[in-house]
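File shown: protein-v2.txt. Contents: compact mmCIF, C-alpha atoms.
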```
# COMPACT_ATOMS: atom_id res chain seq x y z
CA MET R 1 89.62 112.19 81.52
CA ALA R 2 87.76 110.00 84.01
CA TYR R 3 85.68 107.01 82.84
CA PRO R 4 82.93 105.15 84.74
CA SER R 5 85.09 102.02 84.58
CA ASP R 6 88.02 103.65 86.45
CA VAL R 7 89.11 101.97 89.67
CA LYS R 8 88.16 103.82 92.86
CA ASP R 9 90.76 104.83 95.45
CA ASP R 10 89.76 102.24 98.05
CA GLU R 11 89.58 99.53 95.39
CA TRP R 12 93.05 100.48 94.17
CA THR R 13 94.45 100.27 97.69
CA PHE R 14 93.42 96.61 97.81
CA VAL R 15 94.40 95.56 94.31
CA ALA R 16 97.67 97.44 93.74
CA PRO R 17 99.96 94.95 95.57
CA TYR R 18 98.74 92.13 93.32
CA LEU R 19 99.42 94.08 90.13
CA CYS R 20 102.96 95.24 90.96
CA LEU R 21 104.96 92.55 89.23
CA MET R 22 107.84 95.04 89.44
CA SER R 23 108.36 98.12 91.58
CA GLU R 24 106.47 101.32 90.80
CA ASP R 25 109.73 103.23 90.27
CA ALA R 26 111.22 100.69 87.85
CA PRO R 27 113.04 102.59 85.08
CA GLN R 28 111.21 100.75 82.29
CA ARG R 29 107.77 101.82 83.53
CA ASP R 30 106.64 104.77 81.39
CA TYR R 31 103.00 104.92 82.52
CA PRO R 32 101.40 104.73 85.98
CA LEU R 33 100.24 101.21 86.74
CA ARG R 34 96.83 102.50 87.81
CA ASP R 35 96.32 104.04 84.35
CA VAL R 36 97.21 100.74 82.71
CA PHE R 37 94.74 98.89 84.95
CA ASN R 38 92.06 101.47 84.15
CA ALA R 39 92.65 100.88 80.44
CA LEU R 40 92.15 97.12 80.89
CA ARG R 41 88.95 97.77 82.85
CA TYR R 42 87.75 100.11 80.09
CA LEU R 43 88.34 97.41 77.48
CA ALA R 44 86.52 94.77 79.58
CA HIS R 45 83.51 97.04 80.13
CA THR R 46 83.17 98.45 76.62
CA GLY R 47 84.44 95.55 74.52
CA CYS R 48 86.46 97.84 72.25
CA PRO R 49 89.39 96.44 70.22
CA TRP R 50 92.84 96.98 71.70
CA ARG R 51 93.82 99.53 69.07
CA TYR R 52 90.66 101.56 69.78
CA LEU R 53 91.53 102.40 73.38
CA PRO R 54 91.06 106.18 73.90
CA GLY R 55 94.08 108.39 73.35
CA ASP R 56 94.10 109.69 76.92
CA LEU R 57 94.79 106.17 78.22
CA PRO R 58 98.23 104.55 77.91
CA PRO R 59 99.08 103.24 74.41
CA TRP R 60 97.29 100.03 73.53
CA ALA R 61 100.56 98.13 73.04
CA THR R 62 101.68 99.05 76.56
CA VAL R 63 98.37 97.96 78.05
CA TYR R 64 98.33 94.73 76.05
CA GLN R 65 101.89 93.86 77.07
CA GLN R 66 101.10 94.38 80.74
CA TRP R 67 97.85 92.43 80.39
CA THR R 68 99.76 89.42 79.06
CA ARG R 69 102.09 89.57 82.08
CA TRP R 70 99.12 89.68 84.47
CA ARG R 71 97.36 86.95 82.49
CA ASP R 72 100.30 84.56 82.50
CA ALA R 73 100.96 85.15 86.21
CA ARG R 74 97.26 84.38 86.98
CA VAL R 75 97.12 87.65 88.94
CA PHE R 76 93.37 88.09 88.63
CA GLU R 77 92.71 84.54 89.78
CA SER R 78 94.55 85.37 92.99
CA ILE R 79 92.59 88.60 93.44
CA VAL R 80 89.24 86.87 92.95
CA HIS R 81 90.05 83.94 95.21
CA ASP R 82 91.22 86.20 98.05
CA LEU R 83 88.16 88.43 97.66
CA ASN R 84 85.95 85.33 97.70
CA GLU R 85 87.36 84.33 101.06
CA LEU R 86 87.05 87.84 102.49
CA GLN R 87 83.44 88.21 101.36
CA ARG R 88 82.48 84.82 102.77
CA LEU R 89 84.07 85.61 106.12
CA LEU R 90 82.32 88.99 106.27
CA LEU R 91 79.02 87.16 105.75
CA GLY R 92 79.78 84.77 108.60
CA ARG R 93 80.50 81.80 106.36
CA ALA R 94 83.48 79.48 106.12
CA ALA R 95 86.33 80.94 104.06
CA THR R 96 85.98 78.21 101.44
CA PRO R 97 82.73 76.63 100.22
CA SER R 98 81.44 73.10 100.63
CA VAL R 99 78.95 73.41 97.77
CA VAL R 100 79.51 74.58 94.18
CA VAL R 101 77.38 74.95 91.07
CA LEU R 102 78.60 74.07 87.56
CA ASP R 103 77.34 75.24 84.18
CA GLY R 104 78.52 76.39 80.76
CA ARG R 105 77.61 79.02 78.20
CA THR R 106 78.51 79.42 74.54
CA LEU R 107 80.18 82.59 73.26
CA GLN R 108 79.88 83.15 69.51
CA SER R 109 83.17 83.15 67.66
CA THR R 110 84.75 86.07 65.81
CA PRO R 111 87.49 86.11 63.16
CA GLU R 112 90.06 86.27 65.97
CA SER R 113 88.80 83.14 67.73
CA GLY R 114 87.32 81.20 64.82
CA HIS R 115 90.32 78.89 64.45
CA ARG R 116 89.48 77.13 67.74
CA ALA R 117 85.68 77.38 67.63
CA GLY R 118 83.21 74.50 67.54
CA TRP R 119 79.55 74.17 66.57
CA ASP R 120 77.03 74.12 69.42
CA GLY R 121 74.05 72.26 68.00
CA ALA R 122 71.75 73.16 70.89
CA LYS R 123 72.42 76.91 70.65
CA ARG R 124 72.93 76.75 66.88
CA ARG R 125 76.05 78.84 66.88
CA LYS R 126 79.77 78.41 66.35
CA GLY R 127 82.05 79.52 69.14
CA SER R 128 83.71 78.69 72.43
CA LYS R 129 82.14 77.40 75.60
CA ALA R 130 83.03 78.76 79.03
CA HIS R 131 82.46 76.14 81.74
CA ILE R 132 82.45 77.72 85.20
CA ALA R 133 82.18 76.71 88.84
CA VAL R 134 80.75 79.16 91.38
CA ASP R 135 79.97 78.94 95.08
CA THR R 136 76.42 79.39 96.42
CA LEU R 137 76.96 83.17 96.46
CA GLY R 138 77.62 83.07 92.72
CA GLN R 139 81.30 83.96 93.14
CA LEU R 140 83.68 82.56 90.53
CA LEU R 141 85.98 79.71 91.47
CA SER R 142 87.20 78.19 88.22
CA VAL R 143 86.82 78.44 84.43
CA VAL R 144 87.52 75.94 81.65
CA ILE R 145 87.39 77.03 77.99
CA THR R 146 86.62 74.54 75.21
CA PRO R 147 85.23 74.61 71.66
CA ALA R 148 81.44 74.90 71.81
CA ASN R 149 80.90 71.36 70.56
CA GLU R 150 82.40 69.94 73.77
CA GLN R 151 79.80 68.60 76.22
CA GLU R 152 79.36 70.08 79.69
CA ARG R 153 79.55 66.67 81.33
CA ALA R 154 83.01 66.09 79.83
CA GLN R 155 84.43 69.04 81.81
CA VAL R 156 83.24 67.90 85.24
CA GLY R 157 86.51 66.22 86.15
CA GLU R 158 88.69 69.25 85.36
CA LEU R 159 86.33 71.72 87.05
CA CYS R 160 86.17 69.57 90.17
CA ARG R 161 89.95 69.17 90.21
CA GLN R 162 90.44 72.93 90.01
CA VAL R 163 87.79 73.60 92.65
CA GLN R 164 89.36 71.21 95.13
CA GLU R 165 92.82 72.62 94.48
CA ILE R 166 91.54 76.17 95.08
CA THR R 167 89.52 75.39 98.19
CA GLY R 168 91.82 72.83 99.78
CA GLN R 169 89.42 69.90 99.29
CA THR R 170 86.48 71.48 101.17
CA VAL R 171 83.85 70.95 98.46
CA THR R 172 81.57 67.93 98.92
CA VAL R 173 78.54 68.68 96.70
CA SER R 174 78.05 70.14 93.23
CA PHE R 175 74.66 71.07 91.76
CA VAL R 176 74.22 70.83 87.98
CA ASP R 177 71.45 70.82 85.38
CA GLN R 178 70.28 67.90 83.26
CA GLY R 179 73.08 68.42 80.76
CA TYR R 180 75.38 66.73 83.27
CA THR R 181 73.33 63.54 83.61
CA GLY R 182 75.25 60.29 83.25
CA GLU R 183 77.54 57.90 85.02
CA ASP R 184 80.71 59.33 83.49
CA ALA R 185 80.08 62.80 84.91
CA GLU R 186 79.08 61.35 88.28
CA TYR R 187 82.25 59.27 88.40
CA ALA R 188 84.45 62.21 87.32
CA ALA R 189 83.14 64.23 90.28
CA ALA R 190 83.40 61.31 92.70
CA VAL R 191 87.12 60.92 91.87
CA HIS R 192 87.54 64.33 93.53
CA ASP R 193 85.24 63.43 96.47
CA ILE R 194 82.34 65.52 95.17
CA ASP R 195 78.74 64.33 95.00
CA LEU R 196 77.24 65.48 91.68
CA GLN R 197 73.54 66.27 92.14
CA VAL R 198 71.39 66.93 89.08
CA VAL R 199 68.62 69.47 89.63
CA LYS R 200 65.83 68.64 87.18
CA LYS R 201 62.99 70.75 85.81
CA PRO R 202 59.53 70.03 87.25
CA GLU R 203 57.82 67.35 85.17
CA GLY R 204 55.84 68.83 82.29
CA GLN R 205 57.45 72.27 82.60
CA THR R 206 58.63 73.89 79.36
CA GLY R 207 60.69 77.02 78.69
CA PHE R 208 62.96 78.76 81.17
CA VAL R 209 62.58 77.67 84.78
CA LEU R 210 64.41 79.10 87.79
CA LEU R 211 65.80 75.89 89.23
CA PRO R 212 66.41 75.74 92.99
CA LYS R 213 70.03 75.67 94.19
CA ARG R 214 71.54 76.12 90.73
CA TRP R 215 69.95 79.42 89.70
CA VAL R 216 72.95 81.26 91.19
CA VAL R 217 75.18 80.27 88.28
CA GLU R 218 72.68 81.80 85.84
CA ARG R 219 72.96 85.05 87.81
CA SER R 220 76.76 84.84 87.56
CA PHE R 221 76.47 84.55 83.78
CA ALA R 222 74.21 87.62 83.82
CA TRP R 223 76.87 89.55 85.75
CA LEU R 224 79.48 88.52 83.19
CA SER R 225 77.28 89.60 80.28
CA ARG R 226 77.32 93.21 81.50
CA PHE R 227 80.94 93.39 80.33
CA ARG R 228 80.88 93.63 76.56
CA ARG R 229 84.30 92.06 76.04
CA LEU R 230 82.65 88.79 77.12
CA GLY R 231 79.65 89.25 74.83
CA ARG R 232 81.49 87.18 72.21
CA ASP R 233 84.81 85.40 72.02
CA TYR R 234 87.19 88.05 70.73
CA GLU R 235 90.38 86.35 71.97
CA ARG R 236 92.96 84.53 69.86
CA LEU R 237 94.03 82.45 72.87
CA SER R 238 91.69 80.45 75.09
CA VAL R 239 93.78 81.41 78.14
CA SER R 240 92.98 85.07 77.46
CA LEU R 241 89.26 84.33 77.42
CA GLN R 242 89.60 82.29 80.59
CA GLN R 243 91.53 84.97 82.46
CA LEU R 244 89.17 87.74 81.30
CA HIS R 245 86.44 86.02 83.32
CA PHE R 246 88.59 86.63 86.40
CA VAL R 247 89.26 90.24 85.35
CA VAL R 248 85.51 90.85 85.22
CA PHE R 249 84.88 89.20 88.57
CA ALA R 250 87.76 91.17 90.08
CA CYS R 251 86.02 94.38 88.95
CA LEU R 252 82.70 93.22 90.39
CA MET R 253 84.11 92.02 93.68
CA LEU R 254 86.39 94.97 94.28
CA ALA R 255 83.32 97.21 94.16
CA ARG R 256 81.43 94.95 96.56
CA HIS R 257 84.35 94.71 98.95
CA ALA R 258 84.85 98.48 98.97
CA ALA R 259 81.14 98.97 99.65
CA SER R 260 81.15 96.53 102.56
CA SER R 261 84.38 97.78 104.16
```
Please re-express this file's structure in structure tokens.
Amino acid sequence: MAYPSDVKDDEWTFVAPYLCLMSEDAPQRDYPLRDVFNALRYLAHTGCPWRYLPGDLPPWATVYQQWTRWRDARVFESIVHDLNELQRLLLGRAATPSVVVLDGRTLQSTPESGHRAGWDGAKRRKGSKAHIAVDTLGQLLSVVITPANEQERAQVGELCRQVQEITGQTVTVSFVDQGYTGEDAEYAAAVHDIDLQVVKKPEGQTGFVLLPKRWVVERSFAWLSRFRRLGRDYERLSVSLQQLHFVVFACLMLARHAASS
């Protein structure tokens, strides 16, 4: 049975070499790798528990085992980073960005993730916080997962370190909201040769405001929210939650790349 989440032929042509951690004809492979990837995509889109994967997909244990291999090998990070460069070049931009945008969002905890959750007083919920860095196209560069009680400004140093490692030190400016105000955050970015610029709301403005330059990260969060597995934190391990962000962006960007090819 075909599902809307299934990978298309041209998308599979691009992604298959990344996913083959062993040869397709390896004797221990009982299910086609494409079917296993489709099962992971189904789970990301629908948010179903592992054991509730449909019976016409490979067994959940097989899919989960392969997912952990891909997760630990950071396969989807590689896919997303290569697609980022390709998309930027197709748009006539430099392969790696000089400007990034940082922000975080809180994902409510579940019984699976509650042991590492924290209380977010601003959002009034217990959970995990995903801190992300995107380029000015909204494409994902890095993710840091913390308990929700951790402040955004405290993650600036690690996000900037990851961004510079990914891009080869090409980033010079990062736009952030007022949650990143303070000398410590500014210094943490400066250590990695990045100028942290706080984009403030217009004086007297209340409620949601579309802030110039940094609105793109809000759009990236909206893209992520279309995948129900990231509607809450269902993962026992923070690395699983982190890598699922790259799985989702791989799905999004494979479709875009196939459409533009």
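Proximity to range 69-78 of chain R at 8 Å, evaluated using all atoms listed in the file and with sequence-adjacent residues fewer than 5 positions away removed, yields Tyr18, Leu19, Val239, Ser240, Gln243, Phe246, Val247 and Ala250 of chain R.
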Q: Rounded to one decimal place, report the CA of Trp12 in chain R-CA of Val80 in chain R distance in Å.
A: 14.2 Å
**Q.** Pick from R:Pro4, R:Arg34, R:Lys200, R:Arg88, whichever lies nearest to Pro17 in chain R using only C-alpha atoms
**A.** R:Arg34
Name the residues in contact with Asp177 in chain R at a cut-off of 10 Å, using all atoms listed in the file, excluding same-chain residues fewer than 5 positions from it; report them as a PDB file with C-alpha atoms, in the frame of the given file.
```
ATOM      1  CA  VAL R 101      77.380  74.950  91.070  1.00  0.00           C
ATOM      2  CA  LEU R 102      78.600  74.070  87.560  1.00  0.00           C
ATOM      3  CA  ASP R 103      77.340  75.240  84.180  1.00  0.00           C
ATOM      4  CA  GLU R 152      79.360  70.080  79.690  1.00  0.00           C
ATOM      5  CA  ARG R 153      79.550  66.670  81.330  1.00  0.00           C
ATOM      6  CA  GLN R 197      73.540  66.270  92.140  1.00  0.00           C
ATOM      7  CA  VAL R 198      71.390  66.930  89.080  1.00  0.00           C
ATOM      8  CA  VAL R 199      68.620  69.470  89.630  1.00  0.00           C
ATOM      9  CA  LYS R 200      65.830  68.640  87.180  1.00  0.00           C
ATOM     10  CA  LYS R 201      62.990  70.750  85.810  1.00  0.00           C
ATOM     11  CA  LEU R 211      65.800  75.890  89.230  1.00  0.00           C
ATOM     12  CA  ARG R 214      71.540  76.120  90.730  1.00  0.00           C
ATOM     13  CA  TRP R 215      69.950  79.420  89.700  1.00  0.00           C
TER      14      TRP R 215
END
```
Q: Select, from R:Pro54, R:Pro59, R:Gly138, R:Gly231, the residue with the minimum atom-to-atom distance to Lys213 in chain R, counting all atoms listed in the file.
A: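 Closest candidate: R:Gly138.
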Q | Residue nearest Phe175 in chain R - candidates R:Leu91, R:Ala148, R:Ala190, R:Ala133, atoms counted: all atoms listed in the file | A | R:Ala133
Q.
Would you compute the distance between CA of Tyr3 in chain R and CA of His245 in chain R? Give it in Å to one decimal.
A.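 Straight-line distance from CA of Tyr3 in chain R to CA of His245 in chain R works out to 21.0 Å.
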Q) Just how far from CA of Gly47 in chain R is CA of Gln162 in chain R, in Å to one decimal? A)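 Here the two named atoms are 28.1 Å from each other.
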(Q) Using all atoms listed in the file, can you tell me which of R:Ser113, R:Trp67, R:Leu83, R:Gln242 comes closest to Ala255 in chain R? (A) R:Leu83
Draw an axis-aligned box over all listed atoms of range 35-49 of chain R, pad each side with 8 Å, and write its centre and edge lengths in Å, one decimal, as lines of an AutoDock Vina configuration file.
```
center_x = 90.2
center_y = 99.4
center_z = 77.6
size_x = 30.0
size_y = 25.3
size_z = 30.7
```
(Q) Using only C-alpha atoms, can you tell me which of R:Asp135, R:Asp233, R:Asp56, R:Glu165 comes closest to His115 in chain R? (A)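 When distances to His115 in chain R are compared using only C-alpha atoms, the smallest one comes from R:Asp233.
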Q.
Residues near Arg125 in chain R, anyone? I mean within 10 Å using all atoms listed in the file, not counting same-chain ones fewer than 2 positions away, as a PyMOL selection string.
A. chain R and resi 106-109+117-123+127-128+148-149
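For the residues R:Gly157, R:Gly104, R:Gly168, R:Gly114, ranking by smallest atom-to-atom distance to Phe221 in chain R using all atoms listed in the file places R:Gly104 first.
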Using all atoms listed in the file, determine which residues lie at most 10 Å from Ser98 in chain R, disregarding the query and same-chain residues fewer than 2 positions distant; provide the list as a PDB file with C-alpha atoms, in the frame of the given file.
```
ATOM      1  CA  ALA R  94      83.480  79.480 106.120  1.00  0.00           C
ATOM      2  CA  ALA R  95      86.330  80.940 104.060  1.00  0.00           C
ATOM      3  CA  THR R  96      85.980  78.210 101.440  1.00  0.00           C
ATOM      4  CA  VAL R 100      79.510  74.580  94.180  1.00  0.00           C
ATOM      5  CA  ASP R 135      79.970  78.940  95.080  1.00  0.00           C
ATOM      6  CA  THR R 136      76.420  79.390  96.420  1.00  0.00           C
ATOM      7  CA  GLN R 164      89.360  71.210  95.130  1.00  0.00           C
ATOM      8  CA  THR R 167      89.520  75.390  98.190  1.00  0.00           C
ATOM      9  CA  GLN R 169      89.420  69.900  99.290  1.00  0.00           C
ATOM     10  CA  THR R 170      86.480  71.480 101.170  1.00  0.00           C
ATOM     11  CA  VAL R 171      83.850  70.950  98.460  1.00  0.00           C
ATOM     12  CA  THR R 172      81.570  67.930  98.920  1.00  0.00           C
ATOM     13  CA  VAL R 173      78.540  68.680  96.700  1.00  0.00           C
ATOM     14  CA  SER R 174      78.050  70.140  93.230  1.00  0.00           C
ATOM     15  CA  ILE R 194      82.340  65.520  95.170  1.00  0.00           C
TER      16      ILE R 194
END
```
Q: Tell me which protein, DNA and RNA residues are within 7 Å of Ile145 in chain R, counting all atoms listed in the file, leaving out same-chain ones fewer than 2 positions away, and put them as a ChimeraX atom specification.
A: /R:128-131,143,238,242
